[in-house]
Amino acid sequence: MPQLIAGNWKMNGTLAGIAAYAAALRPASPGAELLVCPPAPLIAPLRAALDGAPVALGAQDCAVKRSGAHTGDLSADLLAELGATHVILGHSERRADHAESSATVREKARTAIAAGLVPIICVGETEAERDSGEAETVVRAQLAGSLPEELAGQTVPGVVAPGIIAYEPVWAIGTGRTPTEEDVAAMHASIRAALRRQLGAAGATMPILYGGSVKPSNAASLLALPEVGGALVGGASLKAEDFLAIASAAARD
Ligand SMILES: O=C[C@H](O)COP(=O)(O)O
């Protein structure tokens, strides 16, 4: 399976900037699958600007409910209609800024799957949790609470993986710091073991992305680690050239 390089624009990007970004991505053929997750209002214009280029689009969150009186929330069905195929769920910024629990993330993942979206479920420890030796325990608890059983049997037409995990140590996000290669490999191995236990065969192949200060200069070494199925890139995804440089560092099948 090719590695997946996913860009999370967070609350960045403008309608005015879409054309230039799409123009830079359109001719690219990196060794990886590309996914861009802009703010939701930019999904449809970016889809149009990409003009059929093989770049998937995703959202950064969705509501628990599929429709109804939920002011300000975003329906997974509407995100799919706008052109999203994926949705990031349980990012540490949502867990922290919006007090999202793993139980809420699991409900959102169920809703996303029902709407035909592939959930990218984020997990990761804080610096204090790593320093106290609890990183793997914390991440295993997040996985146990956040993954719906539907992931064990779900298939989405045309999509290889029904769900994706993103390991993002909170202290590595936007800081320029990354864990050691040994620590990334150890955590990804631990996540793989947990996925197998929780989801059986589906858990054996579910991609596990690494996220946290991935940039062109460190992408090749991070992406070469065992059980690293790609990257979830924040800041460096905002510049198309940097995003493509990271994607070019990815392994071909
Ligand atoms: O979702 C992306 C991550 O939070 C990583 O962000 P970053 O690449 O800016 O550290």
# chains A, B, ... in the order shown; residues from 1 in each chain; ligands from 1
call {"tool": "residues_near_ligand", "arguments": {"ligand": "ligand 1", "cutoff": "10 Å", "atoms": "only C-alpha atoms and all ligand atoms", "output": "PyMOL selection string"}}
result
chain A and resi 6-10+37+60+88+91-93+122+166-178+210-215+231-238
call {"tool": "residues_around", "arguments": {"residues": "Gly72 (chain A)", "least_positions_apart": "4", "cutoff": "12 Å", "atoms": "only C-alpha atoms", "output": "list in words"}}
result
Ala40, Asp61, Cys62, Ala63, Ser67 and Gly68 of chain A
call {"tool": "closest_residue", "arguments": {"among": "A:Ala56, A:Leu74, A:Ala249, A:Val87", "to": "Ala32 (chain A)", "atoms": "only C-alpha atoms"}}
result
A:Ala249
call {"tool": "select_by_dssp", "arguments": {"residues": "region 21-250 of chain A", "states": "strand (DSSP E)", "output": "PyMOL selection string"}}
result
chain A and resi 33-37+55-59+84-89+118-123+164-167+208-211+230-233
call {"tool": "residues_around", "arguments": {"residues": "Leu223 (chain A)", "least_positions_apart": "4", "cutoff": "8 Å", "atoms": "only C-alpha atoms", "output": "PyMOL selection string"}}
result
chain A and resi 219+228-231+249-251
call {"tool": "write_last_selection", "arguments": {"atoms": "N, CA and C atoms", "output": "compact mmCIF listing (two decimals), in the first residue's frame"}}
result
# COMPACT_ATOMS: atom_id res chain seq x y z
N ALA A 219 11.55 14.04 6.79
CA ALA A 219 10.50 13.14 6.31
C ALA A 219 11.06 11.77 5.92
N VAL A 228 5.33 2.80 9.91
CA VAL A 228 4.94 4.18 9.62
C VAL A 228 4.33 4.17 8.21
N GLY A 229 3.01 4.36 8.16
CA GLY A 229 2.29 4.25 6.89
C GLY A 229 2.11 5.58 6.18
N GLY A 230 2.74 6.61 6.72
CA GLY A 230 2.63 7.92 6.11
C GLY A 230 2.76 8.99 7.17
N ALA A 231 2.36 10.20 6.82
CA ALA A 231 2.53 11.31 7.76
C ALA A 231 1.29 12.20 7.76
N ALA A 249 9.53 12.04 -0.39
CA ALA A 249 10.38 11.23 0.48
C ALA A 249 9.70 9.92 0.86
N ALA A 250 8.42 9.79 0.52
CA ALA A 250 7.68 8.58 0.92
C ALA A 250 8.11 7.38 0.08
N ALA A 251 7.94 6.22 0.68
CA ALA A 251 8.30 4.99 -0.02
C ALA A 251 7.23 4.65 -1.06
call {"tool": "closest_residue", "arguments": {"among": "A:Ser75, A:Met187, A:Ser221, A:Leu50", "to": "Ala20 (chain A)", "atoms": "only C-alpha atoms"}}
result
A:Leu50
call {"tool": "select_by_dssp", "arguments": {"residues": "region 39-250 of chain A", "states": "alpha helix (DSSP H)", "output": "MDAnalysis selection string"}}
result
chainID A and resid 43:50 76:82 92:97 102:114 127:131 135:146 181:199 201:205 216:223 240:248
call {"tool": "atom_distance", "arguments": {"atom1": "CA of Arg47 (chain A)", "atom2": "CA of Met206 (chain A)"}}
result
25.8 Å
call {"tool": "residues_around", "arguments": {"residues": "Leu82 (chain A)", "least_positions_apart": "2", "cutoff": "9 Å", "atoms": "only C-alpha atoms", "output": "ChimeraX atom specification"}}
result
/A:40-41,43-45,47,77-80,84
call {"tool": "closest_residue", "arguments": {"among": "A:His188, A:His86, A:Arg106, A:Arg140", "to": "Ile120 (chain A)", "atoms": "only C-alpha atoms"}}
result
A:His86
call {"tool": "atom_distance", "arguments": {"atom1": "CA of Leu46 (chain A)", "atom2": "CA of Ala19 (chain A)"}}
result
7.7 Å
call {"tool": "residues_around", "arguments": {"residues": "region 147-150 of chain A", "least_positions_apart": "3", "cutoff": "9 Å", "atoms": "only C-alpha atoms", "output": "number ranges by chain"}}
result
A: 102-103, 105-107, 109-110, 113, 121, 142-144, 153-154, 198-199
call {"tool": "write_last_selection", "arguments": {"atoms": "C-alpha atoms", "output": "PDB file, in the first residue's frame"}}
result
ATOM      1  CA  SER A 102     -12.386   9.380  23.321  1.00  0.00           C
ATOM      2  CA  ALA A 103     -16.057   8.354  23.616  1.00  0.00           C
ATOM      3  CA  VAL A 105     -14.343  10.587  18.992  1.00  0.00           C
ATOM      4  CA  ARG A 106     -15.727   7.053  18.700  1.00  0.00           C
ATOM      5  CA  GLU A 107     -19.246   8.382  18.072  1.00  0.00           C
ATOM      6  CA  ALA A 109     -16.021   7.920  13.777  1.00  0.00           C
ATOM      7  CA  ARG A 110     -19.241   5.881  13.606  1.00  0.00           C
ATOM      8  CA  ILE A 113     -18.176   5.721   8.507  1.00  0.00           C
ATOM      9  CA  ILE A 121      -8.280   8.937  14.374  1.00  0.00           C
ATOM     10  CA  GLN A 142      -7.096   6.440  23.620  1.00  0.00           C
ATOM     11  CA  LEU A 143      -7.266   3.655  21.020  1.00  0.00           C
ATOM     12  CA  ALA A 144      -9.481   1.516  23.231  1.00  0.00           C
ATOM     13  CA  GLY A 153     -15.531  -5.037   9.263  1.00  0.00           C
ATOM     14  CA  GLN A 154     -16.007  -1.816   7.385  1.00  0.00           C
ATOM     15  CA  GLN A 198      -9.033  -4.606  18.985  1.00  0.00           C
ATOM     16  CA  LEU A 199      -9.850  -5.085  15.318  1.00  0.00           C
TER      17      LEU A 199
END
